[in-house]
Amino acid sequence: MTSVRSTRRRLSASVATVLAVTLGAGALAVPAASAAPLPAGVTAQTAQTADVVAYPGAATIIASGTTGFLSYDKAIPEYRWTPYDGSAPTALPGRVPTTGALDGDLVVSVEADKATLRDMKTGATVLGITLGTIDGPGGVGGATIAFGGVAGTAVFTTVTTDNGIALVRHRKDAGPATVTGLPAGAKAISVRPGTAEHALVTYTTSAGARHRALLDLATASVTETYETPKAAEYGDVAVSATRIAWVEYDTAAHTARAVVRTRGTGADAGATTPDKVVPLGETWMVGAVELGLVGDWLTSSQRGGLDSVEPSPLHALTAHSLTSTETFPLLDHITSVVATVDGGQLVRGGRIADGEGLYRIALGQDAKPAAEFVATAGQATGLAFVKPAGVPVTADLDRYRGNVDFRWYLNRWNVDFKATLRHVRTGKSISMSQIQATNGVAWFGWKGDLSSGNGTGPDLSAYNGEYTWEVTAKPLSGIGAPVTAKGTFTVTRKAHPHDFDDNGSPDLLSRDTSGVLWRDSTFDNPYTKQISSQQTRIGAGWGIYNRIEATGNIAGSTVGDLVARDASGVLWLYQGDGRGSFTGRTRIGGGWQVYDQLAGGSDLTGDGRADLVATDKAGVMYLYKGTGSVSAPYATRQKVGAGWAIYNQITVTGNIAGTAPGDLVARDKAGVLWLYQGDGRGSFGTRTKISAGWNALSDIVDAGDADRDGDPDLLARSAVDKSVSFYRGTGYASTPYLGPKITSLDSTKAYNLFS
């Protein structure tokens with residue numbers, strides 16, 4: 001059986017032979033006097049602002065030096081040394097696996113087969129170490145040299161030979177020294193900074209137990225060891241001149257605690273009783289809690305709080321007294337933290353009052369830790385809007401076909417936000433809530449709809465006119481207060497012939513047998529694709545008319561009007577008020593009893609004004625051109641042609657066939673529906689058969705563009721069950737309509753007139 005002592009002796013001897021014979025006595029150290037310009041690949045960055053040291057964005061803090069700090073930005077990726085005095089930062093080549101405190105301004109970087117220790121204050125290379133596999137004398141033996149860590153002024157390598165693994169210390173002022181005090185068979189060895197005098201070593205024994213040890217940097221010897229409990233395997237460790245602390249995770253209860261011990265000596269140091277156990281609270285992120293020891297205080301924080309989607313007391317960097325029960329916050333969150341050589345900490349994090357950047361944690365005059373702002377990342381810690389909102393000044397819902405994007409830009413993605421658009425005149429609104437803003441953009445894809453306010457969701461087309469918008473965002477992390485932004489915009493559309501309430505959607509007028517006139521404002525629900533409506537009572541007294549016809553805007557306003565014929569044949573004009581009702585009537589003229597059909601609401605002549613056609617009992621059709629005048633809305637009639645007596649219903653439809661505006665559909669007494677394409681001059685071409693079976697409908701009404709696809713549609717009422725169906729316009733003469741599709745328009749009342 002081989003003794004432990006003889007194994008250590010052979011390992012030490014083989015390491016010394018490989019290092020001395022293969023590398024040569026001078027191969028490991030470059031005297032400071034040979035300082036040269038920065039090596040290839042090291043570039044000076046543009047200096048930041050002269051009065052404030054700039055921190056490189058979202059980079060993590062890697063190490064703290066005397067005159068500067070080391071950071072790593074994985075997005076570039078780049079390791080960067082930034083002087084505290086604001087002079088130009090320096091980008092470093094290769095991998096820089098340093099973490100924690102540096103003695104002076106020494107930084108180690110690893111590139112392929114070499115580890116280089118540089119003095120960042122002077123730019124000099126002070127130590128170069130060859131890495132990789134090295135053959136022994138005569139090709140016998142040899143070793144594999146790998147980077148093992150850095151602490152203080154020393155770089156460490158692990159040397160693996162046939163006899164095991166050794167840890168070797170390299171310093172600029174001394175040759176390589178094998179570290180003593182590690183057990184035989186130790187593996188998975190790594191070194192990181194601990195205190196000014198000691199490095200922290202982690203290793204696994206041959207039996208598989210994990211240990212942490214303190215290594216005296218001056219003597220290259222392990223002076224105290226602590227066995228790592230299983231609960232602390234992935235926990236952070238903090239060391240001070242008098243204490244050691246680590247995090248233990250209870251993965252069943254999802255909690256963490258900090259165990260603090262007074263430092264001992266020798267291999268039994270881990271057996272000492274904890275000085276203090278500090279409960280840290282609930283966490284589901286094993287390995288994310290960072291610890292620090294600053295004087296008689298323990299600091300703790302869970303990384304990533306700013307990007308969390310849940311509040312947690314672990315987000316804040318918190319100071320815990322080790323001599324009393326006092327605790328208090330230092331920062332609102334952290335992303336990374338390292339120890340400083342003077343027993344403090346350097347933290348990349350943020351505080352609402354100061355913003356994102358680098359903070360130094362050190363004892364103040366009251367012997368309590370305090371956070372000093374060292375370098376700014378130029379970002380707010382609290383939630384904030386980062387640029388003007390992407391909201392249109394004018395939303396043309398014809399141009400956007402009822403779809404408008406609203407965007408608000410935030411400095412966080414993990415927010416709960418609510419956006420509300422409100423029509424100023426009516427107070428009607430629509431709101432949208434969302435959790436998590438993609439890439440920090442709170443987005444509302446508005447479909448030109450509003451809520452009626454009865455709790456059923458979006459069920460109204462948006463009115464034209466002035467709107468306000470308001471968005472409120474709340475950080476899901478709980479870090480910072482909610483923020484609110486407000487503004488205004490205007491909705492516009494061109495006038496629609498059958499739109500009486502100025503919301504761009506067609507309205508259906510119906511009169512019941514008691515003489516009450518009703519208005520159904522249709523709504524093509526953009527989510528369900530169903531045509532529904534909101535019905536409003538206009539008023540009583542309409543029973544005196546035997547014909548009511550929606551005409552579009554014929555009196556010079558911006559909304560649709562109607563004409564009504566009384567029993568004596570007088571035609572009256574009712575101008576729309578733009579709010580769903582009508583003003584007092586104006587007499588147009590008498591003699592209109594000669595017509596058995598009136599059809600209006602479409603521009604038949606191409607002059608931009610709505611016209612009217614009328615057929616007399618002999619079947620002759622006449623055109624009444626719109627004038628835009630209230631006193632005389634129609635010009636003298638012009639004869640279109642005879643032969644229209646075969647039709648029992650005529651409806652002007654707008655452009656449904658893709659050619660000139662002003663088409664017309666007519667149903668004959670056999671129930672066949674025919675298309676007459678307008679010529680744009682007030683007349684029509686040869687008829688085209690659409691389809692049969694339309695005699696099952698009591699009323700056929702031009703609906704305008706009810707589904708907002710750009711083509712006029714039809715609404716039709718069943719003669720049997722009084723239901724109202726929707727026929728979608730296609731824009732093609734061969735098949736101008738698709739349907740029918742049942743709507744939710746009211747059919748329960750006893751109606752005797754539709755328009």
# chains A, B, ... in the order shown; residues from 1 in each chain; ligands from 1

$ select_by_dssp --residues "segment 555-689 of chain A" --states "helix (DSSP H, G or I)" --output "JSON list (two decimals) with all heavy atoms, in the first residue's frame"
[["chain", "number", "residue", "atom", "x", "y", "z"],
["A", 592, "TRP", "N", -94.23, 63.83, -54.48],
["A", 592, "TRP", "CA", -93.42, 62.61, -54.46],
["A", 592, "TRP", "C", -94.28, 61.34, -54.32],
["A", 592, "TRP", "O", -93.76, 60.24, -54.38],
["A", 592, "TRP", "CB", -92.40, 62.68, -53.31],
["A", 592, "TRP", "CG", -91.30, 63.68, -53.57],
["A", 592, "TRP", "CD1", -91.38, 65.02, -53.41],
["A", 592, "TRP", "CD2", -90.00, 63.40, -54.07],
["A", 592, "TRP", "NE1", -90.21, 65.64, -53.76],
["A", 592, "TRP", "CE2", -89.31, 64.65, -54.18],
["A", 592, "TRP", "CE3", -89.33, 62.25, -54.44],
["A", 592, "TRP", "CZ2", -88.01, 64.76, -54.63],
["A", 592, "TRP", "CZ3", -88.03, 62.35, -54.90],
["A", 592, "TRP", "CH2", -87.37, 63.59, -54.99],
["A", 593, "GLN", "N", -95.63, 61.52, -54.22],
["A", 593, "GLN", "CA", -96.50, 60.36, -54.13],
["A", 593, "GLN", "C", -96.57, 59.58, -55.43],
["A", 593, "GLN", "O", -97.06, 58.44, -55.47],
["A", 593, "GLN", "CB", -97.91, 60.77, -53.69],
["A", 593, "GLN", "CG", -98.71, 61.54, -54.72],
["A", 593, "GLN", "CD", -98.45, 63.04, -54.66],
["A", 593, "GLN", "OE1", -97.49, 63.49, -54.03],
["A", 593, "GLN", "NE2", -99.31, 63.82, -55.30],
["A", 594, "VAL", "N", -96.06, 60.14, -56.53],
["A", 594, "VAL", "CA", -96.09, 59.45, -57.82],
["A", 594, "VAL", "C", -95.10, 58.29, -57.87],
["A", 594, "VAL", "O", -95.17, 57.45, -58.78],
["A", 594, "VAL", "CB", -95.80, 60.43, -58.98],
["A", 594, "VAL", "CG1", -96.82, 61.56, -59.00],
["A", 594, "VAL", "CG2", -94.38, 60.98, -58.88],
["A", 644, "TRP", "N", -88.77, 49.58, -65.38],
["A", 644, "TRP", "CA", -88.40, 49.20, -64.01],
["A", 644, "TRP", "C", -89.58, 48.69, -63.19],
["A", 644, "TRP", "O", -89.41, 48.30, -62.04],
["A", 644, "TRP", "CB", -87.76, 50.39, -63.30],
["A", 644, "TRP", "CG", -86.45, 50.80, -63.92],
["A", 644, "TRP", "CD1", -86.27, 51.65, -64.95],
["A", 644, "TRP", "CD2", -85.16, 50.32, -63.54],
["A", 644, "TRP", "NE1", -84.94, 51.77, -65.27],
["A", 644, "TRP", "CE2", -84.22, 50.96, -64.40],
["A", 644, "TRP", "CE3", -84.70, 49.45, -62.57],
["A", 644, "TRP", "CZ2", -82.86, 50.72, -64.32],
["A", 644, "TRP", "CZ3", -83.33, 49.22, -62.49],
["A", 644, "TRP", "CH2", -82.41, 49.84, -63.35],
["A", 645, "ALA", "N", -90.76, 48.59, -63.83],
["A", 645, "ALA", "CA", -91.94, 48.12, -63.09],
["A", 645, "ALA", "C", -91.87, 46.64, -62.76],
["A", 645, "ALA", "O", -92.65, 46.15, -61.93],
["A", 645, "ALA", "CB", -93.21, 48.42, -63.91],
["A", 646, "ILE", "N", -90.99, 45.91, -63.39],
["A", 646, "ILE", "CA", -90.88, 44.47, -63.11],
["A", 646, "ILE", "C", -90.21, 44.19, -61.77],
["A", 646, "ILE", "O", -90.19, 43.05, -61.30],
["A", 646, "ILE", "CB", -90.10, 43.76, -64.23],
["A", 646, "ILE", "CG1", -88.65, 44.29, -64.29],
["A", 646, "ILE", "CG2", -90.80, 43.92, -65.57],
["A", 646, "ILE", "CD1", -87.77, 43.54, -65.26]]

$ residues_around --residues "Leu738 of chain A" --least-positions-apart "4" --cutoff "7 Å" --atoms "only C-alpha atoms" --output "VMD selection string"
chain A and resid 727 to 729

$ closest_residue --among "A:Thr653, A:Ser301, A:Thr133, A:Ser691" --to "Gly671 of chain A" --atoms "only C-alpha atoms"
A:Ser691

$ atom_distance --atom1 "atom CA of Gly539 of chain A" --atom2 "atom CA of Leu562 of chain A"
14.5 Å

$ residues_around --residues "Lys689 of chain A" --least-positions-apart "4" --cutoff "8 Å" --atoms "only C-alpha atoms" --output "mmCIF file with all heavy atoms, in the first residue's frame"
data_model
loop_
_atom_site.group_PDB
_atom_site.id
_atom_site.type_symbol
_atom_site.label_atom_id
_atom_site.label_comp_id
_atom_site.auth_asym_id
_atom_site.auth_seq_id
_atom_site.Cartn_x
_atom_site.Cartn_y
_atom_site.Cartn_z
ATOM 1 N N VAL A 672 -85.611 37.010 -58.253
ATOM 2 C CA VAL A 672 -84.254 37.028 -58.801
ATOM 3 C C VAL A 672 -83.641 38.407 -58.566
ATOM 4 O O VAL A 672 -84.284 39.428 -58.812
ATOM 5 C CB VAL A 672 -84.252 36.693 -60.301
ATOM 6 C CG1 VAL A 672 -82.838 36.794 -60.873
ATOM 7 C CG2 VAL A 672 -84.810 35.289 -60.532
ATOM 8 N N LEU A 673 -82.406 38.417 -58.097
ATOM 9 C CA LEU A 673 -81.690 39.672 -57.862
ATOM 10 C C LEU A 673 -80.761 39.921 -59.038
ATOM 11 O O LEU A 673 -80.009 39.041 -59.471
ATOM 12 C CB LEU A 673 -80.891 39.600 -56.555
ATOM 13 C CG LEU A 673 -80.347 40.933 -56.028
ATOM 14 C CD1 LEU A 673 -81.491 41.841 -55.596
ATOM 15 C CD2 LEU A 673 -79.388 40.695 -54.860
ATOM 16 N N TRP A 674 -80.841 41.173 -59.533
ATOM 17 C CA TRP A 674 -80.069 41.549 -60.710
ATOM 18 C C TRP A 674 -79.118 42.698 -60.370
ATOM 19 O O TRP A 674 -79.425 43.553 -59.544
ATOM 20 C CB TRP A 674 -81.000 42.000 -61.839
ATOM 21 C CG TRP A 674 -81.961 40.939 -62.281
ATOM 22 C CD1 TRP A 674 -83.197 40.676 -61.754
ATOM 23 C CD2 TRP A 674 -81.770 40.005 -63.342
ATOM 24 N NE1 TRP A 674 -83.803 39.640 -62.405
ATOM 25 C CE2 TRP A 674 -82.934 39.197 -63.403
ATOM 26 C CE3 TRP A 674 -80.745 39.759 -64.259
ATOM 27 C CZ2 TRP A 674 -83.096 38.177 -64.324
ATOM 28 C CZ3 TRP A 674 -80.907 38.747 -65.182
ATOM 29 C CH2 TRP A 674 -82.065 37.958 -65.215
ATOM 30 N N LEU A 675 -77.967 42.685 -61.041
ATOM 31 C CA LEU A 675 -76.979 43.743 -60.876
ATOM 32 C C LEU A 675 -77.006 44.660 -62.082
ATOM 33 O O LEU A 675 -76.934 44.203 -63.230
ATOM 34 C CB LEU A 675 -75.566 43.145 -60.738
ATOM 35 C CG LEU A 675 -74.388 44.107 -60.909
ATOM 36 C CD1 LEU A 675 -74.372 45.157 -59.798
ATOM 37 C CD2 LEU A 675 -73.064 43.340 -60.950
#

$ closest_residue --among "A:Asn752, A:Thr615, A:Ser725, A:Ser433" --to "Pro740 of chain A" --atoms "only C-alpha atoms"
A:Ser725

$ residues_around --residues "Thr327 of chain A" --least-positions-apart "4" --cutoff "12 Å" --atoms "only C-alpha atoms" --output "PyMOL selection string"
chain A and resi 278-280+297-300+316-323+368-369

$ closest_residue --among "A:Gly128, A:Pro193, A:Gly619, A:Pro736" --to "Gln677 of chain A" --atoms "only C-alpha atoms"
A:Pro736

$ closest_residue --among "A:Val640, A:Ala719, A:Ala177, A:Ala112" --to "Thr130 of chain A" --atoms "only C-alpha atoms"
A:Ala112

$ residues_around --residues "Pro77 of chain A" --least-positions-apart "6" --cutoff "12 Å" --atoms "only C-alpha atoms" --output "ChimeraX atom specification"
/A:56,58-60,71,91-96

$ residues_around --residues "segment 399-404 of chain A" --least-positions-apart "5" --cutoff "7 Å" --atoms "only C-alpha atoms" --output "compact mmCIF listing (two decimals) with all heavy atoms, in the first residue's frame"
# COMPACT_ATOMS: atom_id res chain seq x y z
N GLY A 445 -52.36 46.63 -30.39
CA GLY A 445 -52.83 46.56 -31.77
C GLY A 445 -54.32 46.85 -31.80
O GLY A 445 -55.15 45.94 -31.70
N TRP A 446 -54.66 48.13 -31.92
CA TRP A 446 -56.07 48.56 -31.85
C TRP A 446 -56.77 48.22 -33.15
O TRP A 446 -56.28 48.52 -34.24
CB TRP A 446 -56.13 50.05 -31.58
CG TRP A 446 -57.51 50.55 -31.29
CD1 TRP A 446 -58.48 49.96 -30.53
CD2 TRP A 446 -58.09 51.79 -31.73
NE1 TRP A 446 -59.60 50.73 -30.47
CE2 TRP A 446 -59.39 51.86 -31.20
CE3 TRP A 446 -57.61 52.84 -32.52
CZ2 TRP A 446 -60.23 52.94 -31.43
CZ3 TRP A 446 -58.44 53.91 -32.75
CH2 TRP A 446 -59.74 53.97 -32.22
N LYS A 447 -57.95 47.63 -33.03
CA LYS A 447 -58.73 47.23 -34.19
C LYS A 447 -59.90 48.17 -34.45
O LYS A 447 -60.88 47.80 -35.09
CB LYS A 447 -59.23 45.79 -34.01
CG LYS A 447 -58.10 44.77 -33.96
CD LYS A 447 -58.62 43.36 -33.88
CE LYS A 447 -57.48 42.36 -33.84
NZ LYS A 447 -56.71 42.35 -35.10
N GLY A 448 -59.79 49.40 -33.96
CA GLY A 448 -60.82 50.39 -34.23
C GLY A 448 -62.13 50.08 -33.55
O GLY A 448 -63.21 50.34 -34.11
N ARG A 708 -65.62 46.32 -43.12
CA ARG A 708 -64.40 47.12 -43.23
C ARG A 708 -63.35 46.49 -44.15
O ARG A 708 -62.16 46.61 -43.90
CB ARG A 708 -63.80 47.38 -41.84
CG ARG A 708 -64.72 48.14 -40.93
CD ARG A 708 -64.06 48.47 -39.62
NE ARG A 708 -63.83 47.30 -38.78
CZ ARG A 708 -63.35 47.33 -37.56
NH1 ARG A 708 -63.04 48.49 -37.01
NH2 ARG A 708 -63.16 46.23 -36.87
N ASP A 709 -63.83 45.82 -45.22
CA ASP A 709 -62.87 45.26 -46.17
C ASP A 709 -62.76 46.07 -47.45
O ASP A 709 -62.06 45.70 -48.38
CB ASP A 709 -63.22 43.81 -46.50
CG ASP A 709 -64.52 43.68 -47.29
OD1 ASP A 709 -65.24 44.70 -47.45
OD2 ASP A 709 -64.84 42.56 -47.72

$ atom_distance --atom1 "atom CA of Ala63 of chain A" --atom2 "atom CA of Val337 of chain A"
8.5 Å

$ closest_residue --among "A:Phe69, A:Ala370, A:His333, A:Asp396" --to "Arg493 of chain A" --atoms "only C-alpha atoms"
A:Asp396

$ closest_residue --among "A:Thr144, A:Thr551, A:Asn439, A:Thr122" --to "Gly164 of chain A" --atoms "only C-alpha atoms"
A:Thr144

$ residues_around --residues "Ser64 of chain A" --least-positions-apart "5" --cutoff "6 Å" --atoms "only C-alpha atoms" --output "mmCIF file with N, CA, C and O atoms, in the first residue's frame"
data_model
loop_
_atom_site.group_PDB
_atom_site.id
_atom_site.type_symbol
_atom_site.label_atom_id
_atom_site.label_comp_id
_atom_site.auth_asym_id
_atom_site.auth_seq_id
_atom_site.Cartn_x
_atom_site.Cartn_y
_atom_site.Cartn_z
ATOM 1 N N PHE A 69 -11.492 49.059 -12.547
ATOM 2 C CA PHE A 69 -12.258 47.829 -12.363
ATOM 3 C C PHE A 69 -12.336 47.078 -13.682
ATOM 4 O O PHE A 69 -12.195 47.641 -14.769
ATOM 5 N N ALA A 101 -11.337 40.346 -5.723
ATOM 6 C CA ALA A 101 -10.396 41.444 -5.508
ATOM 7 C C ALA A 101 -9.068 41.179 -6.193
ATOM 8 O O ALA A 101 -8.588 40.057 -6.271
ATOM 9 N N LEU A 102 -8.472 42.230 -6.707
ATOM 10 C CA LEU A 102 -7.130 42.179 -7.272
ATOM 11 C C LEU A 102 -6.192 42.986 -6.380
ATOM 12 O O LEU A 102 -6.592 43.986 -5.789
ATOM 13 N N THR A 340 -13.570 43.551 -2.588
ATOM 14 C CA THR A 340 -12.443 44.466 -2.802
ATOM 15 C C THR A 340 -11.329 44.100 -1.834
ATOM 16 O O THR A 340 -11.566 43.487 -0.787
#

$ select_by_dssp --residues "segment 222-352 of chain A" --states "strand (DSSP E)" --output "PyMOL selection string"
chain A and resi 222-227+237-239+243-250+255-262+276-282+289-294+297-302+317-321+327-331+333-339+345-351
